[in-house]
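upload_38.txt follows (compact mmCIF, C-alpha atoms and all ligand atoms):
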```
# COMPACT_ATOMS: atom_id res chain seq x y z
CA MET U 10 113.38 26.54 162.35
CA LYS U 11 112.35 25.08 158.97
CA ASN U 12 110.86 21.61 158.53
CA ILE U 13 112.58 19.49 155.92
CA ALA U 14 112.26 16.04 154.40
CA ILE U 15 115.15 14.02 153.06
CA PHE U 16 114.71 11.53 150.23
CA ALA U 17 117.25 8.71 149.92
CA SER U 18 117.51 5.31 148.24
CA GLY U 19 120.74 3.75 149.50
CA ASN U 20 123.52 4.00 152.01
CA GLY U 21 122.51 7.30 153.54
CA SER U 22 125.87 8.81 154.48
CA ASN U 23 124.64 12.23 153.33
CA PHE U 24 121.42 11.72 155.27
CA GLU U 25 123.37 10.96 158.43
CA ALA U 26 125.76 13.89 157.89
CA ILE U 27 122.78 16.26 157.69
CA ALA U 28 120.95 14.59 160.58
CA THR U 29 123.94 14.94 162.91
CA ALA U 30 124.96 18.47 161.85
CA ASN U 31 124.06 21.60 163.75
CA ILE U 32 121.51 23.04 161.33
CA ASN U 33 118.58 25.37 161.69
CA ALA U 34 116.11 22.73 160.51
CA LYS U 35 114.14 19.79 161.75
CA ILE U 36 114.19 16.62 159.68
CA LYS U 37 110.56 15.63 159.85
CA LEU U 38 110.78 12.63 157.56
CA LEU U 39 113.04 10.32 155.66
CA ILE U 40 111.38 9.21 152.44
CA CYS U 41 112.92 6.02 151.05
CA ASP U 42 111.94 4.18 147.87
CA LYS U 43 114.04 1.06 148.56
CA PRO U 44 112.80 -1.29 151.28
CA GLY U 45 115.85 -2.63 153.13
CA ALA U 46 118.17 0.27 152.25
CA THR U 47 120.86 1.04 154.83
CA VAL U 48 119.57 4.58 155.22
CA ILE U 49 116.46 3.20 156.97
CA ALA U 50 118.54 1.71 159.78
CA ARG U 51 120.37 5.03 160.11
CA ALA U 52 117.04 6.85 160.51
CA GLU U 53 115.91 4.38 163.18
CA ARG U 54 119.16 4.81 165.09
CA LEU U 55 118.85 8.60 164.87
CA GLY U 56 115.17 8.63 165.85
CA ILE U 57 113.99 10.18 162.59
CA PRO U 58 110.62 8.96 161.25
CA ALA U 59 111.07 7.00 158.02
CA LEU U 60 108.44 6.21 155.42
CA ILE U 61 109.37 3.43 153.04
CA TYR U 62 107.56 3.04 149.76
CA ASN U 63 107.75 0.48 147.03
CA PRO U 64 107.03 2.40 143.81
CA LYS U 65 105.87 -0.86 142.22
CA ASP U 66 102.87 -0.79 144.57
CA TYR U 67 101.51 2.22 142.67
CA PRO U 68 100.01 2.29 139.17
CA ASN U 69 102.18 5.21 138.03
CA ARG U 70 104.57 7.95 139.15
CA ALA U 71 101.76 10.42 139.83
CA ALA U 72 99.97 8.04 142.22
CA TYR U 73 103.25 7.25 143.98
CA GLU U 74 104.07 10.93 144.38
CA GLU U 75 100.52 11.80 145.52
CA GLN U 76 101.00 9.43 148.43
CA ILE U 77 104.36 11.01 149.28
CA LEU U 78 102.86 14.48 148.96
CA THR U 79 100.12 13.61 151.46
CA ASN U 80 102.74 12.44 153.93
CA LEU U 81 104.92 15.51 153.35
CA LYS U 82 101.96 17.81 153.96
CA ASP U 83 100.99 15.92 157.14
CA ALA U 84 104.57 16.40 158.35
CA GLU U 85 104.49 20.08 157.30
CA ALA U 86 107.72 19.66 155.35
CA GLU U 87 108.75 22.90 153.66
CA TYR U 88 111.80 21.73 151.72
CA ILE U 89 112.92 18.45 150.14
CA PHE U 90 116.61 17.53 150.09
CA LEU U 91 117.53 14.59 147.86
CA ALA U 92 120.45 12.61 149.23
CA GLY U 93 121.15 9.71 146.90
CA TYR U 94 117.50 9.42 145.81
CA MET U 95 117.84 7.49 142.58
CA ARG U 96 114.51 8.34 141.00
CA ILE U 97 113.29 11.16 138.80
CA ILE U 98 111.05 13.69 140.52
CA GLY U 99 107.78 14.01 138.62
CA SER U 100 105.42 16.92 138.09
CA THR U 101 103.30 16.13 141.16
CA LEU U 102 106.14 16.88 143.58
CA LEU U 103 107.81 19.48 141.35
CA GLU U 104 104.67 21.60 141.21
CA ALA U 105 103.94 21.30 144.93
CA TYR U 106 107.52 22.10 145.96
CA GLU U 107 108.61 24.39 143.14
CA GLY U 108 112.03 25.91 143.94
CA ARG U 109 112.20 23.96 147.20
CA ILE U 110 113.69 20.64 146.02
CA ILE U 111 117.48 20.39 146.17
CA ASN U 112 119.74 17.57 144.92
CA ILE U 113 123.35 16.58 145.42
CA HIS U 114 125.23 14.89 142.59
CA PRO U 115 128.77 13.45 142.62
CA SER U 116 130.23 15.20 139.56
CA LEU U 117 130.86 18.67 138.22
CA LEU U 118 127.57 18.96 136.35
CA PRO U 119 126.83 19.16 133.46
CA GLU U 120 129.59 16.55 133.23
CA PHE U 121 128.57 12.96 134.12
CA PRO U 122 124.87 13.23 134.96
CA GLY U 123 122.83 10.15 135.86
CA LEU U 124 123.93 6.91 137.48
CA ASP U 125 127.49 5.92 138.44
CA ALA U 126 128.85 9.43 138.02
CA ILE U 127 131.99 8.77 140.09
CA SER U 128 133.05 5.67 138.19
CA LYS U 129 132.22 7.29 134.85
CA ALA U 130 134.52 10.21 135.69
CA PHE U 131 137.20 7.86 137.05
CA SER U 132 137.30 5.70 133.93
CA SER U 133 137.03 8.62 131.50
CA GLY U 134 140.54 9.86 132.23
CA VAL U 135 139.59 13.36 133.40
CA LYS U 136 141.89 14.84 136.04
CA GLN U 137 139.16 16.47 138.05
CA THR U 138 135.62 15.70 139.05
CA GLY U 139 133.65 16.92 142.05
CA VAL U 140 130.30 17.60 143.65
CA THR U 141 127.32 19.71 142.53
CA ILE U 142 124.32 20.88 144.51
CA HIS U 143 121.43 22.17 142.43
CA TYR U 144 117.73 22.92 142.40
CA VAL U 145 115.72 20.10 140.85
CA ASP U 146 113.80 20.50 137.63
CA ALA U 147 112.19 17.92 135.34
CA GLY U 148 115.50 16.69 133.89
CA VAL U 149 118.08 14.19 135.15
CA ASP U 150 120.60 16.12 137.27
CA THR U 151 119.77 19.38 135.51
CA GLY U 152 118.38 22.51 137.15
CA PRO U 153 120.06 25.70 138.42
CA ILE U 154 123.39 25.08 140.16
CA ILE U 155 123.73 26.35 143.73
CA ALA U 156 127.28 25.22 144.57
CA GLN U 157 130.10 23.12 143.16
CA GLU U 158 133.39 21.89 144.57
CA ALA U 159 136.11 20.18 142.56
CA VAL U 160 137.87 16.99 143.64
CA ASP U 161 141.15 16.05 141.91
CA ILE U 162 141.63 12.56 140.51
CA LEU U 163 145.19 11.76 141.59
CA PRO U 164 147.84 9.67 139.85
CA GLY U 165 147.50 6.13 141.20
CA ASP U 166 144.02 6.86 142.56
CA THR U 167 141.58 4.02 143.09
CA LEU U 168 137.85 4.28 142.57
CA GLU U 169 137.28 3.55 146.26
CA ALA U 170 139.68 6.29 147.38
CA LEU U 171 138.08 8.79 144.99
CA GLU U 172 134.59 7.84 146.20
CA ALA U 173 135.63 8.37 149.81
CA ARG U 174 137.07 11.83 149.04
CA ILE U 175 133.95 12.82 147.11
CA HIS U 176 131.69 11.74 149.95
CA GLN U 177 133.73 13.81 152.42
CA VAL U 178 133.28 16.87 150.21
CA GLU U 179 129.58 16.08 149.76
CA HIS U 180 128.88 15.97 153.47
CA LYS U 181 130.51 19.34 154.13
CA LEU U 182 129.14 21.09 151.05
CA TYR U 183 125.58 19.84 151.52
CA ILE U 184 125.46 21.09 155.11
CA SER U 185 126.82 24.53 154.24
CA VAL U 186 124.36 24.93 151.34
CA LEU U 187 121.50 23.71 153.47
CA LYS U 188 122.35 26.26 156.17
CA GLU U 189 122.49 29.04 153.58
CA ILE U 190 119.16 28.10 151.96
CA LEU U 191 117.33 27.73 155.27
CA LYS U 192 118.66 30.81 157.06
C1 LIG Z 1 125.95 10.43 146.70
O1 LIG Z 1 127.25 10.37 146.15
C2 LIG Z 1 125.07 11.34 145.88
O2 LIG Z 1 125.75 12.44 145.36
C3 LIG Z 1 124.63 10.40 144.79
O3 LIG Z 1 124.35 9.20 145.47
C4 LIG Z 1 125.27 9.07 146.55
C5 LIG Z 1 124.51 8.69 147.80
O4 LIG Z 1 125.38 8.40 148.86
N1 LIG Z 1 123.49 10.90 144.08
C6 LIG Z 1 123.31 10.74 142.76
O5 LIG Z 1 124.07 10.11 142.06
C7 LIG Z 1 122.07 11.43 142.20
N2 LIG Z 1 122.07 11.38 140.78
P1 LIG Z 1 124.83 8.25 150.33
O6 LIG Z 1 123.62 7.29 150.24
O7 LIG Z 1 125.93 7.63 151.13
O8 LIG Z 1 124.43 9.60 150.83
```

Output the file's structure as structure tokens, nothing else.
Ligand code: GAR
Amino acid sequence: MKNIAIFASGNGSNFEAIATANINAKIKLLICDKPGATVIARAERLGIPALIYNPKDYPNRAAYEEQILTNLKDAEAEYIFLAGYMRIIGSTLLEAYEGRIINIHPSLLPEFPGLDAISKAFSSGVKQTGVTIHYVDAGVDTGPIIAQEAVDILPGDTLEALEARIHQVEHKLYISVLKEILK
């Protein structure tokens, strides 16, 4: 059984999907950089320890990540899964967890990296977007791709309907990749 940490900034539907799935891993910690985010309430309800940081309390990214790293080591976390963590991972965490940080992104990377990937795809007129899971490197939504799944943008689609279908795919794909990586 591997120990993992999940990093999230917002709603936390991917966090909850992982936390309630039958996986060969123990979620030791939720790391959240947004005090008040919905994901924190989900962690409380699910009995998963949550550490909430305000990055503004630290002089720089390295100091912020050093604090996280101390907490990850105390929890003996072996892997980091980003689930809607809207912050770049810096060299402090990248070096400590090289090859063991995984991200999920709601597009078919390299298309539509960065923020608002679903709405960017929706308004661009493409007929297909999707979900990518990849190892994290120093870039924004770059790094070696582990898995991708396409989601069609349908005639008459709404952004909300597309978002809901993408999240459904995310939850399933993230759990199957996680199982594969941790087996
Ligand atoms: C997910 O769609 C995830 O792919 C995306 O944030 C959303 C979080 O949803 N991540 C990124 O855009 C990373 N660049 P959730 O909080 O309900 O899991």

Please, which residues have at least one atom within 10 Å of an atom of ligand LIG 1 (chain Z), using only C-alpha atoms and all ligand atoms, listed as number ranges by chain?
U: 16-27, 46-48, 91-97, 112-116, 121-127, 139-142, 149-151, 172-173, 175-180, 183

Which residue, U:Ser185, U:Thr29, U:Asn12, U:Thr138, has the smallest gap to Ala86 in chain U when you use only C-alpha atoms?
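Ranked by minimum distance to Ala86 in chain U, first place goes to U:Asn12.
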
Among the residues U:Val160, U:Ala59, U:Leu102, U:Leu187, the one that comes closest to Asp146 in chain U [using all atoms listed in the file]:
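Between U:Val160, U:Ala59, U:Leu102, U:Leu187, the residue approaching Asp146 in chain U most closely is U:Leu102.
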
Residues within 9 Å of Ala71 in chain U, only C-alpha atoms, excluding chain neighbours under 5 positions, as a PDB file with C-alpha atoms, in the coordinates of the input:
```pdb
ATOM      1  CA  GLN U  76     101.000   9.430 148.430  1.00  0.00           C
ATOM      2  CA  GLY U  99     107.780  14.010 138.620  1.00  0.00           C
ATOM      3  CA  SER U 100     105.420  16.920 138.090  1.00  0.00           C
ATOM      4  CA  THR U 101     103.300  16.130 141.160  1.00  0.00           C
ATOM      5  CA  LEU U 102     106.140  16.880 143.580  1.00  0.00           C
TER       6      LEU U 102
END
```

Choose the residue, out of U:Ile190, U:Leu55, U:Gly108, U:Leu60, that has the smallest atom-to-atom separation from Ala147 in chain U; count all atoms listed in the file.
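When distances to Ala147 in chain U are compared using all atoms listed in the file, the smallest one comes from U:Gly108.
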
Quick one: distance from CA of Gly45 in chain U to CA of Tyr62 in chain U in Å, one decimal?
10.6 Å

Which of U:Ala105, U:Val145, U:Ile98, U:Ala159 sits closest to Arg70 in chain U [using all atoms listed in the file]:
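The shortest atom-to-atom distance to Arg70 in chain U comes from U:Ile98.
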
Atomic separation - CA of His143 in chain U relative to CA of Glu87 in chain U, Å:
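The value is 17.0 Å.
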
Which value, in Å to one decimal, gives the distance between CA of Tyr144 in chain U and CA of Ile110 in chain U?
5.9 Å

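Of the listed residues (U:Lys129, U:Lys192, U:Lys136, U:Lys37), U:Lys37 comes nearest to Gly56 in chain U; the distances count all atoms listed in the file.
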
Hey, could you pull the box centre and edge lengths for range 127-137 of chain U, axis-aligned, 5 Å padding per side, all listed atoms, to one decimal in Å, as lines of an AutoDock Vina configuration file?
```
center_x = 136.9
center_y = 11.1
center_z = 135.8
size_x = 19.9
size_y = 20.8
size_z = 18.6
```

Of the listed residues U:Glu120, U:Val135, U:Glu104, U:Phe90, that which approaches Leu78 in chain U most closely, counting all atoms listed in the file:
U:Glu104

Near Leu163 in chain U, within 9 Å and counting all atoms listed in the file, which residues show up once chain neighbours fewer than 3 positions away are dropped, as a ChimeraX atom specification?
/U:136-137,166-167,171
